[in-house]
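Text of start-v3.txt, listed as compact mmCIF, C-alpha atoms (C1' of nucleotides):
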```txt
# COMPACT_ATOMS: atom_id res chain seq x y z
CA MET T 1 19.57 -7.49 -58.65
CA ALA T 2 22.09 -4.64 -58.76
CA ASP T 3 20.92 -4.06 -62.30
CA ARG T 4 17.27 -3.84 -61.36
CA LEU T 5 17.95 -1.60 -58.38
CA HIS T 6 20.03 0.69 -60.59
CA SER T 7 17.31 0.88 -63.20
CA ALA T 8 14.61 1.51 -60.60
CA ALA T 9 16.56 4.43 -59.14
CA ILE T 10 17.01 5.97 -62.59
CA HIS T 11 13.35 5.75 -63.49
CA LEU T 12 12.19 6.93 -60.10
CA LEU T 13 14.22 10.13 -60.28
CA ARG T 14 13.37 10.71 -63.90
CA ARG T 15 9.73 10.69 -62.96
CA LEU T 16 10.09 12.94 -59.92
CA ARG T 17 12.25 15.42 -61.83
CA ARG T 18 9.31 16.27 -64.04
CA THR T 19 7.90 18.44 -61.25
CA ASP T 20 11.05 20.57 -60.97
CA PRO T 21 10.44 23.16 -63.71
CA ALA T 22 7.65 24.50 -61.49
CA SER T 23 10.39 25.81 -59.19
CA GLY T 24 11.70 28.17 -61.85
CA LEU T 25 15.27 26.97 -61.22
CA SER T 26 17.46 24.84 -63.46
CA ALA T 27 18.53 21.44 -62.19
CA PRO T 28 22.11 22.47 -61.31
CA ARG T 29 20.96 25.53 -59.37
CA LEU T 30 18.27 23.58 -57.56
CA SER T 31 20.76 20.91 -56.61
CA ALA T 32 23.37 23.41 -55.38
CA LEU T 33 20.73 25.20 -53.34
CA SER T 34 19.69 21.89 -51.86
CA VAL T 35 23.21 21.20 -50.64
CA LEU T 36 23.34 24.60 -48.96
CA VAL T 37 19.96 24.16 -47.33
CA PHE T 38 20.71 20.73 -45.93
CA GLY T 39 24.47 20.92 -45.60
CA GLY T 40 24.83 24.18 -43.75
CA PRO T 41 27.25 26.95 -44.76
CA LEU T 42 29.98 25.77 -47.11
CA GLY T 43 32.98 27.23 -48.89
CA LEU T 44 33.03 27.35 -52.66
CA ARG T 45 35.31 24.37 -53.12
CA ALA T 46 33.41 22.20 -50.70
CA LEU T 47 30.19 23.07 -52.46
CA ALA T 48 31.72 22.32 -55.86
CA ALA T 49 32.99 18.97 -54.60
CA ALA T 50 29.57 18.11 -53.16
CA GLU T 51 28.04 18.78 -56.56
CA GLN T 52 30.84 16.94 -58.41
CA VAL T 53 31.62 20.09 -60.34
CA ARG T 54 34.73 22.27 -60.76
CA PRO T 55 35.11 25.52 -58.81
CA PRO T 56 34.60 27.86 -61.80
CA THR T 57 31.29 26.19 -62.57
CA MET T 58 30.15 26.65 -58.99
CA VAL T 59 31.20 30.30 -59.00
CA ARG T 60 28.60 30.97 -61.67
CA LEU T 61 25.91 28.87 -60.05
CA VAL T 62 26.16 30.62 -56.68
CA ARG T 63 26.36 34.01 -58.34
CA ALA T 64 23.04 33.34 -60.08
CA LEU T 65 21.51 32.14 -56.83
CA GLU T 66 22.76 35.26 -55.05
CA VAL T 67 21.23 37.49 -57.73
CA GLN T 68 17.94 35.72 -57.18
CA GLY T 69 18.22 36.29 -53.44
CA LEU T 70 18.26 32.58 -52.64
CA VAL T 71 21.83 32.40 -51.32
CA ARG T 72 23.98 34.76 -49.27
CA ARG T 73 27.76 34.93 -48.90
CA ASP T 74 29.64 35.68 -45.68
CA PRO T 75 33.35 36.17 -45.13
CA ASP T 76 35.19 33.51 -43.19
CA PRO T 77 36.38 35.15 -39.96
CA THR T 78 39.61 33.14 -39.75
CA ASP T 79 40.74 33.07 -43.38
CA ARG T 80 40.17 36.02 -45.64
CA ARG T 81 40.55 33.94 -48.79
CA ARG T 82 37.50 31.88 -47.89
CA VAL T 83 33.83 32.60 -48.36
CA ARG T 84 30.88 30.87 -46.75
CA PHE T 85 27.67 30.39 -48.71
CA ARG T 86 24.33 29.79 -47.02
CA ALA T 87 20.72 29.63 -48.17
CA THR T 88 18.50 32.60 -47.37
CA PRO T 89 15.01 32.11 -45.92
CA ARG T 90 13.63 32.64 -49.42
CA GLY T 91 15.98 29.98 -50.74
CA ARG T 92 14.86 27.58 -48.04
CA ALA T 93 11.21 28.23 -48.80
CA LEU T 94 11.67 27.71 -52.53
CA LEU T 95 13.50 24.47 -51.98
CA ARG T 96 10.93 23.24 -49.47
CA ARG T 97 8.12 23.76 -51.97
CA GLY T 98 10.00 21.98 -54.76
CA ARG T 99 10.84 19.11 -52.52
CA ALA T 100 7.22 18.88 -51.43
CA ARG T 101 6.15 18.51 -55.05
CA ARG T 102 8.51 15.60 -55.58
CA ILE T 103 7.59 13.94 -52.34
CA ALA T 104 3.89 14.35 -53.06
CA VAL T 105 4.19 12.38 -56.29
CA LEU T 106 6.15 9.67 -54.56
CA ALA T 107 3.86 9.56 -51.54
CA ARG T 108 0.81 9.23 -53.76
CA GLY T 109 2.45 6.28 -55.49
CA LEU T 110 3.27 4.69 -52.17
CA ALA T 111 -0.29 5.19 -50.99
CA GLY T 112 -1.47 3.14 -53.97
CA LEU T 113 0.54 0.11 -52.89
CA GLU T 114 -0.80 -2.55 -50.59
CA ARG T 115 -0.11 -2.28 -46.90
CA ARG T 116 2.31 -5.22 -46.93
CA GLU T 117 4.27 -3.74 -49.82
CA ARG T 118 4.66 -0.44 -48.03
CA ALA T 119 5.81 -2.24 -44.90
CA LEU T 120 8.41 -4.11 -46.94
CA LEU T 121 9.74 -0.88 -48.46
CA ALA T 122 9.83 0.75 -45.05
CA ARG T 123 12.14 -2.00 -43.85
CA ALA T 124 14.25 -1.84 -47.03
CA VAL T 125 14.97 1.89 -46.87
CA PRO T 126 17.35 1.69 -43.89
CA VAL T 127 19.22 -1.11 -45.65
CA LEU T 128 19.58 1.12 -48.70
CA GLU T 129 20.93 3.87 -46.49
CA ARG T 130 23.47 1.50 -45.00
CA LEU T 131 24.46 0.42 -48.51
CA LEU T 132 25.05 4.06 -49.42
CA ARG T 133 27.31 4.62 -46.46
CA ARG T 134 29.34 1.62 -47.55
CA LEU T 135 29.62 2.93 -51.11
CA SER T 136 30.64 6.42 -50.11
CA VAL T 137 33.34 5.43 -47.66
CA ASP T 138 34.79 3.10 -50.25
CA PRO T 139 35.82 5.28 -53.18
CA ARG T 140 37.44 2.49 -55.17
CA ALA T 141 36.40 2.34 -58.86
CA MET H 142 9.58 7.39 -45.84
CA ALA H 143 9.03 8.95 -49.28
CA ASP H 144 11.61 11.49 -48.27
CA ARG H 145 14.22 8.92 -47.31
CA LEU H 146 13.59 6.83 -50.41
CA HIS H 147 13.97 9.93 -52.55
CA SER H 148 17.21 10.90 -50.87
CA ALA H 149 18.60 7.37 -51.12
CA ALA H 150 17.93 7.26 -54.87
CA ILE H 151 19.69 10.60 -55.36
CA HIS H 152 22.78 9.59 -53.47
CA LEU H 153 22.93 6.15 -55.04
CA LEU H 154 22.97 7.54 -58.56
CA ARG H 155 25.35 10.33 -57.67
CA ARG H 156 27.81 7.73 -56.47
CA LEU H 157 27.42 5.42 -59.48
CA ARG H 158 27.72 8.32 -61.93
CA ARG H 159 31.29 8.86 -60.86
CA THR H 160 32.35 5.92 -63.02
CA ASP H 161 30.82 7.39 -66.20
CA PRO H 162 33.64 9.66 -67.39
CA ALA H 163 35.57 6.46 -68.14
CA SER H 164 33.16 5.91 -71.04
CA GLY H 165 34.39 9.05 -72.81
CA LEU H 166 30.79 10.19 -73.36
CA SER H 167 28.97 13.08 -71.69
CA ALA H 168 26.01 12.24 -69.50
CA PRO H 169 23.33 13.33 -72.02
CA ARG H 170 24.93 11.30 -74.82
CA LEU H 171 25.34 8.26 -72.64
CA SER H 172 21.73 8.47 -71.54
CA ALA H 173 20.41 8.90 -75.08
CA LEU H 174 22.49 5.95 -76.24
CA SER H 175 21.11 3.90 -73.39
CA VAL H 176 17.54 4.55 -74.50
CA LEU H 177 18.40 3.42 -78.02
CA VAL H 178 20.16 0.28 -76.82
CA PHE H 179 17.34 -0.83 -74.54
CA GLY H 180 14.37 0.77 -76.27
CA GLY H 181 14.95 -0.41 -79.79
CA PRO H 182 14.79 1.90 -82.84
CA LEU H 183 13.05 5.20 -82.15
CA GLY H 184 12.14 8.33 -84.05
CA LEU H 185 13.70 11.63 -83.06
CA ARG H 186 10.67 12.94 -81.21
CA ALA H 187 10.12 9.74 -79.31
CA LEU H 188 13.76 9.72 -78.29
CA ALA H 189 13.59 13.37 -77.21
CA ALA H 190 10.46 12.65 -75.15
CA ALA H 191 12.12 9.64 -73.51
CA GLU H 192 15.01 11.89 -72.50
CA GLN H 193 12.71 14.74 -71.43
CA VAL H 194 14.41 17.05 -73.90
CA ARG H 195 13.23 19.11 -76.90
CA PRO H 196 13.70 17.85 -80.45
CA PRO H 197 16.45 20.34 -81.42
CA THR H 198 18.51 19.24 -78.44
CA MET H 199 18.17 15.61 -79.46
CA VAL H 200 19.14 16.42 -83.06
CA ARG H 201 22.56 17.48 -81.83
CA LEU H 202 22.97 14.58 -79.45
CA VAL H 203 22.25 11.92 -82.06
CA ARG H 204 24.40 13.70 -84.61
CA ALA H 205 27.36 13.52 -82.22
CA LEU H 206 26.64 9.85 -81.55
CA GLU H 207 26.46 9.16 -85.29
CA VAL H 208 29.81 10.89 -85.87
CA GLN H 209 31.30 8.65 -83.22
CA GLY H 210 29.82 5.58 -84.91
CA LEU H 211 27.67 4.65 -81.93
CA VAL H 212 24.28 5.27 -83.54
CA ARG H 213 22.92 4.72 -87.04
CA ARG H 214 19.92 6.32 -88.76
CA ASP H 215 17.50 4.51 -91.10
CA PRO H 216 14.63 5.91 -93.12
CA ASP H 217 11.13 4.98 -92.08
CA PRO H 218 9.66 2.86 -94.90
CA THR H 219 6.13 4.18 -94.47
CA ASP H 220 6.74 7.90 -93.81
CA ARG H 221 9.57 9.72 -95.47
CA ARG H 222 9.53 12.53 -92.91
CA ARG H 223 10.50 10.11 -90.18
CA VAL H 224 13.88 8.72 -89.24
CA ARG H 225 14.66 5.73 -87.07
CA PHE H 226 17.72 5.77 -84.82
CA ARG H 227 19.32 2.60 -83.50
CA ALA H 228 22.51 1.78 -81.63
CA THR H 229 25.35 0.21 -83.61
CA PRO H 230 27.24 -2.82 -82.26
CA ARG H 231 29.98 -0.44 -81.16
CA GLY H 232 27.41 1.68 -79.34
CA ARG H 233 26.04 -1.39 -77.61
CA ALA H 234 29.50 -2.50 -76.56
CA LEU H 235 30.39 0.92 -75.17
CA LEU H 236 27.19 1.10 -73.20
CA ARG H 237 27.59 -2.42 -71.89
CA ARG H 238 31.03 -1.61 -70.52
CA GLY H 239 29.84 1.60 -68.86
CA ARG H 240 26.90 -0.16 -67.34
CA ALA H 241 29.16 -2.89 -66.08
CA ARG H 242 31.27 -0.31 -64.26
CA ARG H 243 28.22 1.09 -62.49
CA ILE H 244 26.85 -2.30 -61.64
CA ALA H 245 30.22 -3.47 -60.33
CA VAL H 246 30.30 -0.66 -57.78
CA LEU H 247 26.78 -1.40 -56.69
CA ALA H 248 27.29 -5.14 -56.60
CA ARG H 249 30.39 -4.74 -54.46
CA GLY H 250 28.37 -2.64 -52.03
CA LEU H 251 25.64 -5.26 -51.94
CA ALA H 252 28.19 -7.97 -51.32
CA GLY H 253 29.27 -6.11 -48.19
CA LEU H 254 25.81 -6.30 -46.67
CA GLU H 255 24.63 -9.15 -44.50
CA ARG H 256 22.77 -12.00 -46.09
CA ARG H 257 19.48 -11.00 -44.47
CA GLU H 258 19.81 -7.42 -45.69
CA ARG H 259 20.42 -8.56 -49.24
CA ALA H 260 17.42 -10.83 -49.06
CA LEU H 261 15.28 -7.96 -47.86
CA LEU H 262 16.42 -5.74 -50.73
CA ALA H 263 15.80 -8.54 -53.19
CA ARG H 264 12.19 -8.66 -52.06
CA ALA H 265 11.87 -4.87 -52.11
CA VAL H 266 13.06 -4.38 -55.68
CA PRO H 267 9.93 -5.83 -57.33
CA VAL H 268 7.81 -3.59 -55.11
CA LEU H 269 9.83 -0.60 -56.28
CA GLU H 270 9.24 -1.66 -59.85
CA ARG H 271 5.52 -1.89 -59.24
CA LEU H 272 5.61 1.56 -57.64
CA LEU H 273 7.28 2.92 -60.78
CA ARG H 274 4.62 1.47 -63.03
CA ARG H 275 2.01 3.22 -60.90
CA LEU H 276 3.85 6.54 -61.10
CA SER H 277 4.35 6.41 -64.83
CA VAL H 278 0.78 5.57 -65.76
CA ASP H 279 -0.42 8.40 -63.54
CA PRO H 280 1.00 11.62 -64.97
CA ARG H 281 -0.82 13.95 -62.59
CA ALA H 282 1.32 16.62 -60.89
C1' DC D 283 -7.86 15.56 -107.54
C1' DG D 284 -6.04 19.69 -104.95
C1' DC D 285 -5.02 22.28 -101.40
C1' DA D 286 -5.09 23.63 -96.15
C1' DG D 287 -3.49 22.28 -92.17
C1' DA D 288 -0.84 19.11 -89.28
C1' DT D 289 3.44 16.78 -88.23
C1' DA D 290 8.72 15.26 -88.54
C1' DA D 291 13.11 16.76 -88.55
C1' DT D 292 16.14 20.37 -88.96
C1' DT D 293 18.46 25.13 -88.70
C1' DA D 294 19.48 29.59 -86.48
C1' DG D 295 20.57 31.87 -82.58
C1' DC D 296 20.27 32.67 -77.77
C1' DT D 297 21.45 31.35 -72.63
C1' DA D 298 23.26 28.13 -69.25
C1' DT D 299 26.53 24.70 -67.77
C1' DG D 300 30.65 22.12 -67.97
C1' DC D 301 35.75 22.28 -68.56
C1' DT D 302 41.09 23.88 -68.36
C1' DA D 303 44.47 27.44 -67.86
C1' DA D 304 45.97 31.31 -65.60
C1' DC D 305 45.78 34.93 -61.96
C1' DG D 306 45.70 37.79 -57.56
C1' DA D 307 45.18 37.68 -52.79
C1' DG D 308 46.00 35.40 -48.56
C1' DT D 309 48.10 31.76 -45.71
C1' DA D 310 51.46 28.48 -44.28
C1' DT D 311 56.08 26.95 -44.06
C1' DG D 312 61.03 26.34 -44.95
C1' DC N 313 60.94 36.66 -45.11
C1' DA N 314 60.84 34.11 -49.33
C1' DT N 315 58.73 30.32 -51.29
C1' DA N 316 55.10 27.35 -52.05
C1' DC N 317 50.39 26.35 -51.54
C1' DT N 318 45.30 27.24 -51.29
C1' DC N 319 40.98 29.89 -52.27
C1' DG N 320 38.16 32.14 -55.15
C1' DT N 321 37.91 34.26 -59.54
C1' DT N 322 38.35 35.46 -64.62
C1' DA N 323 38.90 34.26 -69.56
C1' DG N 324 37.78 31.48 -73.14
C1' DC N 325 36.22 27.21 -75.16
C1' DA N 326 32.81 23.12 -76.03
C1' DT N 327 28.44 21.11 -74.97
C1' DA N 328 23.59 21.18 -73.86
C1' DG N 329 19.33 23.32 -73.17
C1' DC N 330 15.60 26.38 -75.09
C1' DT N 331 12.22 28.99 -78.66
C1' DA N 332 11.17 30.43 -83.22
C1' DA N 333 11.25 29.58 -87.85
C1' DT N 334 12.08 26.44 -92.16
C1' DT N 335 11.61 22.51 -95.12
C1' DA N 336 9.64 18.28 -96.40
C1' DT N 337 6.04 15.19 -96.10
C1' DC N 338 1.64 13.46 -94.93
C1' DT N 339 -3.52 13.73 -94.00
C1' DG N 340 -8.02 15.07 -94.51
C1' DC N 341 -11.64 17.34 -96.61
C1' DG N 342 -14.15 19.73 -100.30
```

Structure encoded using structure tokens:
Amino acid sequence: MADRLHSAAIHLLRRLRRTDPASGLSAPRLSALSVLVFGGPLGLRALAAAEQVRPPTMVRLVRALEVQGLVRRDPDPTDRRRVRFRATPRGRALLRRGRARRIAVLARGLAGLERRERALLARAVPVLERLLRRLSVDPRA
Amino acid sequence: MADRLHSAAIHLLRRLRRTDPASGLSAPRLSALSVLVFGGPLGLRALAAAEQVRPPTMVRLVRALEVQGLVRRDPDPTDRRRVRFRATPRGRALLRRGRARRIAVLARGLAGLERRERALLARAVPVLERLLRRLSVDPRA
DNA sequence: CGCAGATAATTAGCTATGCTAACGAGTATG
DNA sequence: CATACTCGTTAGCATAGCTAATTATCTGCG
């Protein structure tokens, strides 16, 4: 069952990702922007860690997003080494549209299922979320 | 619900991916190898399409996998322009181990759920699979 | 048959994304 | 207050993505 769940997640995201080029952003930039939109202002290292990437890689990603006006940087008032990155309104809007494209594909698929199947998935989603919390607080292996 | 399912899939794979560096292969190579292991022999273009990548990109990926002895190339008997790539036994073994690492993390998480939750997920997985078949045969958007 | 166009893989050359090593500025701490 | 640590950055390398163009082969049509 773990195998089938794993495979289903892979193929689901592979399908939804096909809508992303319409955003005009590469996958790493889109993903970094997403973290800033949903995760509030973050320092460079925290953002790099959230994206499972090294700090120098994130330096370039946020620089590109700044140039495109999608992200803004603010100084940290208490520590002058630190910087806080946040999404601009334009960045939020761009991300919202991209996310809507993905969700639309998924929602259309869900709408094609039978009512009982949708109800079953609706009950399964919270279990998945609980599973994720267990996996993330348990960093073994 | 589409939103939460989408988010759950992202975070699930992000967590499982953390075990991949142990394979010694980059993510694109690992993924291409996976397609060859599970999808049988494929031509270059078919493999590129499966990976949502352009042919020149796939040329370099398979070349690297060949150098590492994980993939073999055979001529197509009926069309001398074509080439057929397949995983070698070593490639299969490497992929199997990497997959086992991912599945082990997931299975351990599942084992920490309650029996009823696991049963619910077990019933939801086939519905997810049916959803995926619907999404893939319907390439709109 | 013969050749025009289509198709398969590749090469060339560019940009973007990942890394490690090393650095300067700022902070914390002995 | 000197030392060590942390944050962000730069430099420089390898990989991965793309488009455009090349070469080899096949297909179809007169």

Please produce, as a tab-separated table, a per-residue contact table for segment 143-228 of chain H versus segment 290-310 of chain D (criterion: any atom at most 12 Å away, all atoms listed in the file considered), showing the nearest atom pair and its distance in Å to one decimal, sorted by chain then residue number.
```
residue	atom	partner	partner_atom	distance
H:Ser167	CA	D:DG300	C1'	9.9
H:Ala168	CA	D:DG300	C1'	11.0
H:Gly184	CA	D:DA290	C1'	8.9
H:Leu185	CA	D:DA291	C1'	7.5
H:Arg186	CA	D:DA290	C1'	7.9
H:Ala187	CA	D:DA290	C1'	10.8
H:Ala189	CA	D:DA291	C1'	11.8
H:Arg195	CA	D:DA291	C1'	11.9
H:Pro196	CA	D:DA291	C1'	8.2
H:Pro197	CA	D:DT292	C1'	7.5
H:Thr198	CA	D:DT292	C1'	10.8
H:Met199	CA	D:DA291	C1'	10.5
H:Val200	CA	D:DT292	C1'	7.7
H:Arg201	CA	D:DT292	C1'	10.0
H:Arg204	CA	D:DT292	C1'	11.5
H:Pro216	CA	D:DA291	C1'	11.9
H:Asp217	CA	D:DA290	C1'	11.1
H:Asp220	CA	D:DA290	C1'	9.3
H:Arg221	CA	D:DA290	C1'	8.9
H:Arg222	CA	D:DA290	C1'	5.2
H:Arg223	CA	D:DA290	C1'	5.7
H:Val224	CA	D:DA291	C1'	8.1
H:Arg225	CA	D:DA291	C1'	11.2
```

Report the distance between atom CA of Arg101 of chain T and atom CA of Glu51 of chain T in Å, rounded to one decimal place.
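Atom-to-atom, atom CA of Arg101 of chain T to atom CA of Glu51 of chain T, that is 21.9 Å.
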
Just need the residues of chain N within 12 Å of chain H, counting all atoms listed in the file, so spit them out as a VMD selection string.
chain N and resid 326 to 332 335 to 339

Could you write out as a VMD selection string the residues of chain T within 8 Å of chain H, counting all atoms listed in the file?
chain T and resid 1 to 6 8 to 13 15 19 101 103 105 to 107 109 to 110 112 to 113 117 120 to 125 127 to 129 131 to 132 134 to 136 141

Computed interatomic separation between atom CA of Pro89 of chain T and atom C1' of DC319 of chain N (Å):
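Distance between the two atoms: 26.8 Å.
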
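If you look at atom CA of Leu94 of chain T and atom CA of Arg73 of chain T, they are 18.0 Å away from each other.
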
Taking all atoms of segment 235-253 of chain H that the file lists, what box with edges along x, y and z, padded by 8 Å per side, do you get, with centre and edge lengths in Å to one decimal, as AutoDock Vina command-line options?
```
--center_x 28.5 --center_y -3.2 --center_z -61.7 --size_x 21.6 --size_y 25.6 --size_z 43.0
```

Find the spatial neighbours of DT311 of chain D, counting only C-alpha atoms (C1' of nucleotides), within a cut-off of 10 Å - ignore same-chain residues fewer than 4 positions away - and output them as JSON, numbers by chain.
{"N": [315, 316, 317]}
